[in-house]
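Just below is one structure, and these are the notes that go with it.
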There are 2 protein chains.
Amino acid sequence: MISCLLVEDQTLVRLGLANLLNLSDVICVEGQAENGEDALNQLEQRDFDVVLLDMRMPVLDGLGVLRALQNSTKCAPPILIITTFEDCEVLVSAMALGAKGYVLKNIELEELIESIKQIVAGRKVLQPALTDYLLQKQIAPQIELTEKERQVLTCLSLGMANKTIARNLHNSEGTIRNHVSHILAKLEVQDRTQAVLKAIELGLV
Amino acid sequence: MISCLLVEDQTLVRLGLANLLNLSDVICVEGQAENGEDALNQLEQRDFDVVLLDMRMPVLDGLGVLRALQNSTKCAPPILIITTFEDCEVLVSAMALGAKGYVLKNIELEELIESIKQIVAGRKVLQPALTDYLLQKQIAPQIELTEKERQVLTCLSLGMANKTIARNLHNSEGTIRNHVSHILAKLEVQDRTQAVLKAIELGLV
DNA sequence: CAAAAACAGTGACAGATGTCATAGCGAAAA
DNA sequence: TTTTCGCTATGACATCTGTCACTGTTTTTG
């Protein structure tokens, strides 16, 4: 039996998932935590074979737990991140902080159990859907904006007109127009509205 | 026993929650659906005492289900929305579309079961946390857009130019300009970029 | 040092955007 | 029935927006 610590803030999801896993004949949820601090405490008190860790949590989130464990002297069990797609921007950070696997909550139960086994066996796990996501991010050329352009883009995403931006950044309107023009080119869009949307999408603002 | 249809796209959460509810001695999850269409099919085939409905789903989301049921001739069972805080902008829409209750996924199991009983008994249920949220929103004046304006706003938030919108909606550019003008007035902003930002903020798109 | 890049600026231009007045049509509400 | 509202449309207008070419200064970098 694989002993497992389940860290998840939503009570319903946690209890439900714990039950499901316990129904299997290989995994036993022997600890539950509803936030990061709670999880760290339990990890100090006893050993687990694996930790199932949610990302978005109050008090101390998933990344916080990973950071704490990296700085700890104790040898922590392997960690499988299990979270929603919305939180997958932190995928890279999480893996860099030593997580051994990353799966989405819409995974099938069998797949999850298989993933846990893989993790315990020392392998790494990434859902296919996520490798695609990673590739996309890699391909999407990282936009190289200059400091000034970033400032102007921020103003754009606050809905400012060129005149207003000029006043704010102490430049002539013409200069701002030039900066905007460069931003549009770099983001490969046709106008400021599209620029703002793309900036939001790429998390540039 | 209360017979219940559980509609939730994330397999883990759905199976887990179904198990939990079945462990209680009052609720029996007799149907599961992983999206809105699936749910509507099951509702046609047999009756349930109550529907637990997630909001964010592929294919057909929670609001879509509510809309479909309103336009249906059949008398649908009472519906309890159960979703995450991030999706609670649709609270008002959901209740307006006939949902009988709205709770967040971080609710305690006992509370959830109590809520379901209340719903089945014909009462309405709103988590305390949500009434606060409602009050906040009430203060923010609700924006009344016409159908056409909503369409145009959607186009705006996709970054389209007036000319493009005109082509898309089969109107003259002048007409679109008029609509845009009205939208700006109603949203109390000065240009399309601000309109898009406000629309996103208010969850209008 | 020399090239490259970021920054600031100007002037001119085309086209996009938003406002306003006005008007016709059809459906819904009073 | 009259009125109101939503939708469509046009023309005129002022302003905003984005592009381009060209000129500088300063800082970074090879």
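The chains in the structure tokens are called A, B, ... from first to last as shown; in each chain the residues are counted from 1, and the ligands are counted from 1 in the order shown.
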
Next on the checklist: I'd like the neighbourhood of region 11-21 of chain D as JSON, numbers by chain, where a residue qualifies if any of its atoms comes within 7 Å (using only C-alpha atoms (C1' of nucleotides)), though same-chain residues fewer than 4 positions away should be ignored.
Outcome noted: {"A": [181], "C": [16, 17]}

Checklist entry - What's the 12 Å shell around Lys117 (chain B), counting only C-alpha atoms (C1' of nucleotides), without same-chain residues fewer than 3 positions away, as a PyMOL selection string? => result chain B and resi 1-4+26-27+49-51+78-80+100-101+110-114+120-125

Next on the checklist: Using only C-alpha atoms (C1' of nucleotides) and a cut-off of 9 Å, which residues of chain A sit close to chain C? Please list them as a list in words.
Outcome noted: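 Applying the cut-off to the listed atoms yields Thr146, Glu147, Lys148, Asn171, Ser172, Gly174 and Thr175 of chain A.
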
Store the residues of this selection in a file with N, CA and C atoms, as a short mmCIF file (atom, residue, chain, number, x, y, z; two decimals), in the first residue's frame.
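To be explicit, this is the file written out as again-v1.cif:
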```cif
data_model
loop_
_atom_site.label_atom_id
_atom_site.label_comp_id
_atom_site.auth_asym_id
_atom_site.auth_seq_id
_atom_site.Cartn_x
_atom_site.Cartn_y
_atom_site.Cartn_z
N THR A 146 10.95 46.71 -24.31
CA THR A 146 11.87 47.55 -23.55
C THR A 146 11.14 48.09 -22.33
N GLU A 147 11.91 48.64 -21.41
CA GLU A 147 11.34 49.16 -20.17
C GLU A 147 10.23 50.18 -20.46
N LYS A 148 10.55 51.09 -21.37
CA LYS A 148 9.57 52.13 -21.69
C LYS A 148 8.31 51.53 -22.31
N ASN A 171 6.12 62.68 -21.68
CA ASN A 171 6.64 62.63 -23.04
C ASN A 171 5.68 63.36 -23.95
N SER A 172 6.14 63.57 -25.21
CA SER A 172 5.22 64.15 -26.19
C SER A 172 4.30 63.04 -26.68
N GLY A 174 3.59 62.35 -29.67
CA GLY A 174 4.23 61.69 -30.79
C GLY A 174 5.11 60.55 -30.34
N THR A 175 5.87 60.78 -29.30
CA THR A 175 6.75 59.73 -28.77
C THR A 175 5.94 58.52 -28.34
#
```

Next on the checklist: Within 10 Å of chain D, which residues belong to chain A? Use only C-alpha atoms (C1' of nucleotides) and report them as an NGL selection string.
Outcome noted: :A and (161-163 or 177-178 or 180-181 or 184 or 190-192)

Can I get the residues of chain B within 9 Å of chain A, each with the closest pair of atoms and their distance in Å to one decimal, using only C-alpha atoms, sorted chain first then ascending number, as a tab-separated table?
```
residue	atom	partner	partner_atom	distance
B:Asp9	CA	A:Asn106	CA	7.2
B:Gln10	CA	A:Asn106	CA	4.2
B:Thr11	CA	A:Asn106	CA	5.4
B:Leu12	CA	A:Leu109	CA	6.1
B:Val13	CA	A:Val13	CA	5.7
B:Arg14	CA	A:Gly16	CA	8.4
B:Leu15	CA	A:Leu20	CA	7.3
B:Gly16	CA	A:Gly16	CA	3.6
B:Leu17	CA	A:Gly16	CA	5.0
B:Ala18	CA	A:Gly16	CA	7.7
B:Asn19	CA	A:Gly16	CA	6.6
B:Leu20	CA	A:Gly16	CA	5.7
B:Leu21	CA	A:Gly16	CA	9.0
B:Lys105	CA	A:Gln10	CA	6.3
B:Asn106	CA	A:Gln10	CA	4.3
B:Ile107	CA	A:Thr11	CA	6.7
B:Glu108	CA	A:Thr11	CA	5.9
B:Leu109	CA	A:Leu12	CA	6.1
B:Leu112	CA	A:Leu12	CA	8.9
B:Leu156	CA	A:Thr193	CA	8.2
B:Ser157	CA	A:Leu197	CA	7.8
B:Leu158	CA	A:Gln194	CA	7.4
B:Gly159	CA	A:Gln194	CA	4.7
B:Met160	CA	A:Gln194	CA	7.8
B:Ala161	CA	A:Asp191	CA	8.6
B:Gln190	CA	A:Gly159	CA	8.8
B:Asp191	CA	A:Gly159	CA	7.9
B:Arg192	CA	A:Thr193	CA	7.2
B:Thr193	CA	A:Thr193	CA	4.9
B:Gln194	CA	A:Gly159	CA	4.7
B:Ala195	CA	A:Gly159	CA	8.4
B:Val196	CA	A:Thr193	CA	7.7
B:Leu197	CA	A:Gly159	CA	7.3
```

Checklist entry - Residual C-alpha RMSD for chain A onto chain B, least squares, all atoms in order? => result 4.9 Å
